[in-house]
Amino acid sequence: MASYHSQEQTLAQLPIPSAEEMAHSGKLIEVIVDKIARGNGSVPFSEYMECLLYTPGLGYYSAGLNKFGKQGDFVTAPEISPLFGRTIANQCQQVFDQGCETRILEFGAGSGKLCEQILSKLDNPVDYLILEISADLRLRQQTYLKEKLTFESFDRITWLDKLPQNFNGVIIANEVLDAMPVSLVKKQQQQWFELGVAFDDDRFNWCHFAEHSDAVSAIQSIEKDHGLLPDGYVTEVNLNYQPWLKSLSEIGNQMVLLIIDYGYEQAQYYHPERKRGTLICHYRHRVHDDTLILPGLQDVTASVDFDAVADAAIASGFEVAGLVTQSQFLLANGLLDEVGFNSTSEDTLAQLDISQQIKTLTLPDEMGEKFKVVGLVKNLDLDLPAFSMRR
Ligand SMILES: C[S@@+](CC[C@H](N)C(=O)[O-])C[C@H]1O[C@@H](n2cnc3c(N)ncnc32)[C@H](O)[C@@H]1O
């Protein structure tokens with residue numbers, strides 16, 4: 001949402017993009033301005049966000065910028081520690097041991113590190129499919145994994161352009177749902193409006209649509225369940241969970257889906273005090289909330305509404321095994337047993353490093369409670385001790 005600060009004030013607090021980056025951003029602005037012109041002067045925010053992140057060759061995830069790790073804009077769990085992926089592999093193994101087909105489908109594989117960590121930990125070779133919508137990230141993943149994995153493991157990875165037709169196995173989505181475009185809504189004089197983006201005076205600006213929309217229906221139904229929200233309240237709804245989960249459910253009969261992301265259950269997400277929603281931008285490890293600046297150069301992301309995910313999952317034929325914090329999930333899946341995998345007991349520096357990684361993954365004020373794991377199951381009778389909280 002628009003920041004309390006002007007676009008200039010926010011820009012002044014951020015590292016200055018290079019001339020090359022500005023030129024890149026300028027090309028994306030042209031594409032979006034053209035889309036706005038064709039949309040009679042505005043587009044819904046969800047379309048604007050889709051363009052920001054996924055315009056082929058120009059969007060944040062589609063272009064060749066370095067996003068992950070210290071040199072990029074943000075750090076995800078597989079970048080922080082190999083223990084993360086090794087522990088997810090333990091969860092996969094537990095599922096495989098109970099009769100699930102030994103295949104993995106990873107959505108949005110980022111730098112490829114999670115895939116490397118999982119394949120290096122599993123005892124037996126598995127088929128590993130990666131569905132990555134960014135052509136640039138796909139190339140990076142291929143280069144990285146070819147270098148890091150044995151020929152045999154690498155050979156079992158397949159990159160897909162679209163969902164496979166038949167898939168039974170484990171599906172993993174780490175920090176994927178937060179990168180799905182959201183719709184923005186605002187309550188004004190007791191009425192909800194969907195927000196859009198226009199372009200005038202050489203910059204993107206906010207506008208709102210008078211017509212009723214699916215996003216407005218969604219927030220009205222949330223308000224009905226959780227109580228009235230105050231005037232001036234701005235928030236997001238994600239209308240992509242349902243079609244995404246339905247499409248996954250349609251590709252197979254027996255599967256487990258692990259969704260790992262930051263977010264809230266609805267009572268906290270749509271708390272009357274969270275008046276400005278959860279949309280944030282990451283630019284070179286600075287966080288701010290002005291989504292209208294630096295198009296294509298910064299990540300734009302929204303927290304996940306875990307109740308909406310669960311409802312969409314049930315409507316799509318999944319059972320919800322549970323929703324637990326990342327910390328609970330990793331500890332229940334043997335995080336601490338993985339500690340010694342790469343170091344000897346005399347290697348003090350490595351041990352310090354590992355203990356710092358564990359703290360980042362599990363402490364409540366780091367990733368431990370902010371990130372949660374949803375387990376969804378289709379047509380399998382499984383014992384999954386990590387998901388103790390049944391819905
Ligand atoms: C925040 S990054 C996380 C990357 C990686 N999973 C990690 O943890 O480091 C989001 C990723 O999700 C991908 N993505 C978003 N929507 C997707 C979709 N519908 N299908 C496949 N990939 C998607 C993006 O291209 C990007 O690779």
# chains A, B, ... in the order shown; residues from 1 in each chain; ligands from 1
>>> select_by_dssp(residues="segment 9-113 of chain A", states="alpha helix (DSSP H)", output="PyMOL selection string")
chain A and resi 9-12+19-38+45-54+77-80+82-97+113
>>> closest_atom_pairs(of="chain A", to="ligand 1", cutoff="8 Å", atoms="only C-alpha atoms and all ligand atoms", output="tab-separated table")
residue	atom	partner	partner_atom_place_in_ligand_line	distance
A:Tyr54	CA	ligand 1	25 (O)	7.6
A:Tyr61	CA	ligand 1	25 (O)	5.2
A:Ser62	CA	ligand 1	25 (O)	7.0
A:Phe68	CA	ligand 1	9 (O)	6.9
A:Val75	CA	ligand 1	9 (O)	7.3
A:Thr76	CA	ligand 1	9 (O)	4.9
A:Ala77	CA	ligand 1	8 (O)	6.2
A:Pro78	CA	ligand 1	9 (O)	5.9
A:Glu79	CA	ligand 1	9 (O)	6.6
A:Phe107	CA	ligand 1	21 (C)	4.7
A:Gly108	CA	ligand 1	13 (C)	3.6
A:Ala109	CA	ligand 1	6 (N)	4.5
A:Gly110	CA	ligand 1	4 (C)	3.6
A:Ser111	CA	ligand 1	9 (O)	6.1
A:Gly112	CA	ligand 1	9 (O)	7.5
A:Lys113	CA	ligand 1	9 (O)	7.3
A:Leu114	CA	ligand 1	8 (O)	7.1
A:Leu131	CA	ligand 1	21 (C)	5.3
A:Glu132	CA	ligand 1	22 (N)	4.5
A:Ile133	CA	ligand 1	22 (N)	4.9
A:Ser134	CA	ligand 1	25 (O)	5.0
A:Leu137	CA	ligand 1	27 (O)	6.6
A:Ala173	CA	ligand 1	6 (N)	6.3
A:Asn174	CA	ligand 1	6 (N)	4.4
A:Glu175	CA	ligand 1	3 (C)	4.7
A:Val176	CA	ligand 1	12 (O)	4.1
A:Leu177	CA	ligand 1	16 (N)	6.6
A:Asp178	CA	ligand 1	1 (C)	7.0
A:Ala179	CA	ligand 1	15 (C)	5.1
A:Met180	CA	ligand 1	16 (N)	5.3
A:Trp244	CA	ligand 1	19 (N)	7.2
>>> residues_around(residues="segment 327-329 of chain A", least_positions_apart="2", cutoff="12 Å", atoms="only C-alpha atoms", output="ChimeraX atom specification")
/A:77,84,87-88,90-91,258-260,322-325,331-336,358-375,384-389
>>> write_last_selection(atoms="N, CA and C atoms", output="CSV table (one decimal), in the first residue's frame")
chain,number,residue,atom,x,y,z
A,77,ALA,N,14.9,-19.5,3.8
A,77,ALA,CA,15.5,-20.6,4.7
A,77,ALA,C,16.5,-21.5,4.1
A,84,PHE,N,17.8,-26.9,6.8
A,84,PHE,CA,16.4,-26.7,6.5
A,84,PHE,C,15.9,-27.8,5.5
A,87,THR,N,16.0,-31.4,6.8
A,87,THR,CA,14.9,-31.7,7.7
A,87,THR,C,13.6,-31.9,6.9
A,88,ILE,N,13.4,-31.1,5.8
A,88,ILE,CA,12.2,-31.3,4.9
A,88,ILE,C,12.4,-32.7,4.3
A,90,ASN,N,13.6,-35.3,5.7
A,90,ASN,CA,13.2,-36.3,6.7
A,90,ASN,C,11.6,-36.4,6.7
A,91,GLN,N,10.9,-35.3,6.5
A,91,GLN,CA,9.5,-35.3,6.4
A,91,GLN,C,9.0,-36.1,5.2
A,258,LEU,N,3.3,-29.7,1.1
A,258,LEU,CA,3.9,-28.9,2.2
A,258,LEU,C,4.1,-27.5,1.8
A,259,ILE,N,3.3,-26.6,2.5
A,259,ILE,CA,3.4,-25.1,2.1
A,259,ILE,C,4.1,-24.4,3.3
A,260,ILE,N,5.2,-23.8,3.0
A,260,ILE,CA,6.0,-23.1,4.1
A,260,ILE,C,6.0,-21.6,3.7
A,322,GLY,N,-2.5,-30.3,9.2
A,322,GLY,CA,-2.2,-29.4,10.3
A,322,GLY,C,-1.5,-28.1,9.9
A,323,LEU,N,-1.5,-27.2,10.8
A,323,LEU,CA,-0.8,-25.9,10.6
A,323,LEU,C,0.1,-25.7,11.8
A,324,VAL,N,1.4,-25.7,11.6
A,324,VAL,CA,2.3,-25.6,12.8
A,324,VAL,C,3.4,-24.5,12.5
A,325,THR,N,4.1,-24.0,13.5
A,325,THR,CA,5.1,-23.1,13.2
A,325,THR,C,6.3,-23.8,12.6
A,331,LEU,N,11.8,-29.0,14.3
A,331,LEU,CA,12.2,-29.8,15.5
A,331,LEU,C,11.6,-31.2,15.5
A,332,ALA,N,10.3,-31.2,15.1
A,332,ALA,CA,9.6,-32.5,15.1
A,332,ALA,C,10.2,-33.4,14.0
A,333,ASN,N,10.8,-32.8,13.0
A,333,ASN,CA,11.4,-33.6,11.9
A,333,ASN,C,12.9,-33.8,12.0
A,334,GLY,N,13.4,-33.7,13.2
A,334,GLY,CA,14.8,-34.1,13.5
A,334,GLY,C,15.8,-33.0,13.1
A,335,LEU,N,15.5,-31.7,13.2
A,335,LEU,CA,16.5,-30.7,12.9
A,335,LEU,C,17.7,-30.8,13.7
A,336,LEU,N,17.6,-31.1,15.0
A,336,LEU,CA,18.8,-31.2,15.9
A,336,LEU,C,19.7,-32.4,15.6
A,358,ILE,N,20.6,-22.5,13.3
A,358,ILE,CA,19.4,-23.1,14.0
A,358,ILE,C,18.6,-22.0,14.7
A,359,LYS,N,19.3,-21.1,15.3
A,359,LYS,CA,18.6,-20.0,16.0
A,359,LYS,C,17.7,-19.2,15.0
A,360,THR,N,18.3,-18.9,13.8
A,360,THR,CA,17.6,-18.1,12.8
A,360,THR,C,16.3,-18.9,12.3
A,361,LEU,N,16.5,-20.2,12.2
A,361,LEU,CA,15.3,-21.0,11.7
A,361,LEU,C,14.3,-21.2,12.7
A,362,THR,N,14.6,-21.2,14.0
A,362,THR,CA,13.6,-21.6,15.0
A,362,THR,C,13.2,-20.5,16.0
A,363,LEU,N,14.0,-19.5,16.3
A,363,LEU,CA,13.7,-18.6,17.4
A,363,LEU,C,12.4,-17.8,17.0
A,364,PRO,N,11.5,-17.6,18.0
A,364,PRO,CA,10.2,-16.9,17.7
A,364,PRO,C,10.4,-15.6,17.0
A,365,ASP,N,11.4,-14.8,17.4
A,365,ASP,CA,11.5,-13.4,16.8
A,365,ASP,C,12.4,-13.5,15.5
A,366,GLU,N,12.9,-14.7,15.1
A,366,GLU,CA,13.5,-14.8,13.8
A,366,GLU,C,12.4,-15.5,12.9
A,367,MET,N,12.8,-16.6,12.3
A,367,MET,CA,11.8,-17.3,11.4
A,367,MET,C,10.9,-18.3,12.1
A,368,GLY,N,11.2,-18.6,13.3
A,368,GLY,CA,10.6,-19.8,14.0
A,368,GLY,C,9.1,-19.7,14.1
A,369,GLU,N,8.5,-18.5,14.4
A,369,GLU,CA,7.0,-18.5,14.5
A,369,GLU,C,6.4,-17.6,13.5
A,370,LYS,N,7.2,-16.8,12.9
A,370,LYS,CA,6.6,-16.0,11.8
A,370,LYS,C,6.3,-16.9,10.6
A,371,PHE,N,7.1,-17.9,10.4
A,371,PHE,CA,6.9,-18.8,9.3
A,371,PHE,C,6.1,-20.0,9.8
A,372,LYS,N,5.2,-20.5,9.0
A,372,LYS,CA,4.4,-21.7,9.4
A,372,LYS,C,4.4,-22.7,8.3
A,373,VAL,N,4.0,-23.9,8.6
A,373,VAL,CA,4.0,-25.0,7.7
A,373,VAL,C,2.6,-25.6,7.7
A,374,VAL,N,2.0,-25.6,6.5
A,374,VAL,CA,0.7,-26.3,6.3
A,374,VAL,C,0.9,-27.6,5.7
A,375,GLY,N,0.3,-28.7,6.2
A,375,GLY,CA,0.4,-30.0,5.6
A,375,GLY,C,-0.9,-30.3,5.0
A,384,LEU,N,1.5,-38.3,10.7
A,384,LEU,CA,2.4,-37.2,10.5
A,384,LEU,C,2.6,-36.4,11.9
A,385,PRO,N,3.5,-36.9,12.7
A,385,PRO,CA,3.6,-36.4,14.1
A,385,PRO,C,3.9,-34.9,14.1
A,386,ALA,N,4.6,-34.4,13.0
A,386,ALA,CA,4.9,-32.9,13.0
A,386,ALA,C,3.7,-32.0,13.0
A,387,PHE,N,2.6,-32.6,12.5
A,387,PHE,CA,1.4,-31.7,12.5
A,387,PHE,C,0.5,-32.1,13.6
A,388,SER,N,0.7,-31.6,14.7
A,388,SER,CA,-0.1,-32.0,15.9
A,388,SER,C,-1.4,-31.3,15.9
A,389,MET,N,-1.5,-30.1,15.4
A,389,MET,CA,-2.7,-29.3,15.5
A,389,MET,C,-3.6,-29.6,14.3
>>> residues_around(residues="Leu105 of chain A", least_positions_apart="6", cutoff="8 Å", atoms="only C-alpha atoms", output="count of residues only")
8
>>> closest_residue(among="A:Tyr283, A:Lys246, A:Asn40, A:Ile29", to="Arg203 of chain A", atoms="only C-alpha atoms")
A:Ile29
>>> closest_residue(among="A:Val309, A:Ala210, A:Cys281, A:Leu139", to="Pro243 of chain A", atoms="only C-alpha atoms")
A:Val309
>>> select_by_dssp(residues="segment 26-254 of chain A", states="strand (DSSP E or B)", output="PyMOL selection string")
chain A and resi 43-44+68+74+103-107+127-131+157-160+169-174+183-188+191-200+203-209+234-237
>>> atom_distance(atom1="atom CA of Leu245 of chain A", atom2="atom CA of His271 of chain A")
25.7 Å
>>> closest_residue(among="A:Pro15, A:Gly263, A:Pro272, A:Pro295", to="Val234 of chain A", atoms="only C-alpha atoms")
A:Pro272
>>> closest_residue(among="A:Ser355, A:Ser18, A:Ser303, A:Thr158", to="Val237 of chain A", atoms="only C-alpha atoms")
A:Ser303
>>> residues_around(residues="Leu229 of chain A", least_positions_apart="4", cutoff="10 Å", atoms="only C-alpha atoms", output="ChimeraX atom specification")
/A:187,190,219-220,222-224,233-234,270-275
>>> closest_residue(among="A:Glu8, A:Ser46, A:Phe151, A:Gly72", to="His285 of chain A", atoms="only C-alpha atoms")
A:Gly72
>>> residues_around(residues="Ile36 of chain A", least_positions_apart="3", cutoff="12 Å", atoms="only C-alpha atoms", output="list in words")
Ile29, Glu30, Val31, Ile32, Val33, Gly39, Asn40, Gly41, Ser42, Val43, Pro44, Phe45, Glu47, Tyr48, Cys51, Gly196, Val197, Ala198, Phe199, Asp200, Phe204, Asn205 and Cys207 of chain A
>>> write_last_selection(atoms="N, CA and C atoms", output="mmCIF file, in the first residue's frame")
data_model
loop_
_atom_site.group_PDB
_atom_site.id
_atom_site.type_symbol
_atom_site.label_atom_id
_atom_site.label_comp_id
_atom_site.auth_asym_id
_atom_site.auth_seq_id
_atom_site.Cartn_x
_atom_site.Cartn_y
_atom_site.Cartn_z
ATOM 1 N N ILE A 29 8.244 -0.251 -16.788
ATOM 2 C CA ILE A 29 7.234 0.810 -16.638
ATOM 3 C C ILE A 29 6.471 0.975 -17.956
ATOM 4 N N GLU A 30 7.214 0.963 -19.076
ATOM 5 C CA GLU A 30 6.547 1.113 -20.396
ATOM 6 C C GLU A 30 5.497 0.022 -20.611
ATOM 7 N N VAL A 31 5.859 -1.213 -20.260
ATOM 8 C CA VAL A 31 4.924 -2.325 -20.451
ATOM 9 C C VAL A 31 3.673 -2.111 -19.592
ATOM 10 N N ILE A 32 3.885 -1.684 -18.346
ATOM 11 C CA ILE A 32 2.717 -1.529 -17.447
ATOM 12 C C ILE A 32 1.864 -0.329 -17.881
ATOM 13 N N VAL A 33 2.541 0.743 -18.297
ATOM 14 C CA VAL A 33 1.792 1.936 -18.748
ATOM 15 C C VAL A 33 0.930 1.571 -19.953
ATOM 16 N N GLY A 39 -6.356 -0.628 -20.432
ATOM 17 C CA GLY A 39 -7.393 -0.883 -19.422
ATOM 18 C C GLY A 39 -8.173 0.373 -19.087
ATOM 19 N N ASN A 40 -8.229 1.301 -20.018
ATOM 20 C CA ASN A 40 -8.977 2.556 -19.804
ATOM 21 C C ASN A 40 -8.459 3.380 -18.632
ATOM 22 N N GLY A 41 -7.137 3.380 -18.453
ATOM 23 C CA GLY A 41 -6.553 4.293 -17.464
ATOM 24 C C GLY A 41 -6.200 3.684 -16.119
ATOM 25 N N SER A 42 -6.492 2.399 -15.930
ATOM 26 C CA SER A 42 -6.097 1.790 -14.654
ATOM 27 C C SER A 42 -6.126 0.263 -14.781
ATOM 28 N N VAL A 43 -5.403 -0.404 -13.883
ATOM 29 C CA VAL A 43 -5.506 -1.874 -13.791
ATOM 30 C C VAL A 43 -5.675 -2.231 -12.312
ATOM 31 N N PRO A 44 -6.374 -3.354 -12.012
ATOM 32 C CA PRO A 44 -6.449 -3.778 -10.609
ATOM 33 C C PRO A 44 -5.036 -4.018 -10.067
ATOM 34 N N PHE A 45 -4.843 -3.829 -8.755
ATOM 35 C CA PHE A 45 -3.510 -4.007 -8.193
ATOM 36 C C PHE A 45 -2.960 -5.402 -8.494
ATOM 37 N N GLU A 47 -3.214 -7.209 -11.080
ATOM 38 C CA GLU A 47 -2.586 -7.259 -12.420
ATOM 39 C C GLU A 47 -1.266 -6.500 -12.429
ATOM 40 N N TYR A 48 -1.260 -5.372 -11.708
ATOM 41 C CA TYR A 48 -0.031 -4.592 -11.594
ATOM 42 C C TYR A 48 1.066 -5.439 -10.936
ATOM 43 N N CYS A 51 2.463 -8.082 -13.194
ATOM 44 C CA CYS A 51 3.439 -7.497 -14.139
ATOM 45 C C CYS A 51 4.763 -7.216 -13.431
ATOM 46 N N GLY A 196 -6.790 -0.017 -7.509
ATOM 47 C CA GLY A 196 -6.050 -0.239 -8.744
ATOM 48 C C GLY A 196 -4.908 0.750 -8.855
ATOM 49 N N VAL A 197 -4.197 0.637 -9.978
ATOM 50 C CA VAL A 197 -3.043 1.499 -10.207
ATOM 51 C C VAL A 197 -3.250 2.246 -11.529
ATOM 52 N N ALA A 198 -3.004 3.546 -11.468
ATOM 53 C CA ALA A 198 -3.071 4.393 -12.672
ATOM 54 C C ALA A 198 -1.677 5.003 -12.882
ATOM 55 N N PHE A 199 -1.521 5.713 -13.989
ATOM 56 C CA PHE A 199 -0.212 6.358 -14.231
ATOM 57 C C PHE A 199 -0.472 7.786 -14.691
ATOM 58 N N ASP A 200 -0.062 8.737 -13.862
ATOM 59 C CA ASP A 200 -0.109 10.116 -14.326
ATOM 60 C C ASP A 200 1.014 10.912 -13.670
ATOM 61 N N PHE A 204 3.352 6.082 -10.990
ATOM 62 C CA PHE A 204 2.170 5.266 -10.684
ATOM 63 C C PHE A 204 1.443 5.877 -9.489
ATOM 64 N N ASN A 205 0.120 5.824 -9.556
ATOM 65 C CA ASN A 205 -0.719 6.364 -8.481
ATOM 66 C C ASN A 205 -1.859 5.397 -8.183
ATOM 67 N N CYS A 207 -5.802 4.269 -7.483
ATOM 68 C CA CYS A 207 -7.167 4.657 -7.846
ATOM 69 C C CYS A 207 -8.087 3.580 -7.294
#
>>> residues_around(residues="Asp305 of chain A", least_positions_apart="4", cutoff="8 Å", atoms="only C-alpha atoms", output="VMD selection string")
chain A and resid 238 263 to 266 269 309
>>> write_last_selection(atoms="N, CA and C atoms", output="PDB file, in the first residue's frame")
ATOM      1  N   ASN A 238      -6.141 -12.843  -1.388  1.00  0.00           N
ATOM      2  CA  ASN A 238      -5.453 -13.593  -2.440  1.00  0.00           C
ATOM      3  C   ASN A 238      -6.448 -14.535  -3.099  1.00  0.00           C
ATOM      4  N   GLY A 263       2.874 -15.773   7.492  1.00  0.00           N
ATOM      5  CA  GLY A 263       1.486 -15.364   7.394  1.00  0.00           C
ATOM      6  C   GLY A 263       0.760 -15.592   8.699  1.00  0.00           C
ATOM      7  N   TYR A 264      -0.557 -15.513   8.627  1.00  0.00           N
ATOM      8  CA  TYR A 264      -1.387 -15.556   9.832  1.00  0.00           C
ATOM      9  C   TYR A 264      -2.653 -16.344   9.561  1.00  0.00           C
ATOM     10  N   GLU A 265      -3.297 -16.737  10.650  1.00  0.00           N
ATOM     11  CA  GLU A 265      -4.685 -17.188  10.535  1.00  0.00           C
ATOM     12  C   GLU A 265      -5.540 -15.924  10.433  1.00  0.00           C
ATOM     13  N   GLN A 266      -6.782 -16.098   9.952  1.00  0.00           N
ATOM     14  CA  GLN A 266      -7.570 -14.898   9.584  1.00  0.00           C
ATOM     15  C   GLN A 266      -7.815 -13.912  10.720  1.00  0.00           C
ATOM     16  N   TYR A 269      -4.745 -11.928  10.761  1.00  0.00           N
ATOM     17  CA  TYR A 269      -4.472 -11.241   9.479  1.00  0.00           C
ATOM     18  C   TYR A 269      -5.377 -10.020   9.358  1.00  0.00           C
ATOM     19  N   VAL A 309      -6.139 -20.537   2.759  1.00  0.00           N
ATOM     20  CA  VAL A 309      -5.458 -21.673   2.118  1.00  0.00           C
ATOM     21  C   VAL A 309      -6.157 -22.974   2.520  1.00  0.00           C
TER      22      VAL A 309
END
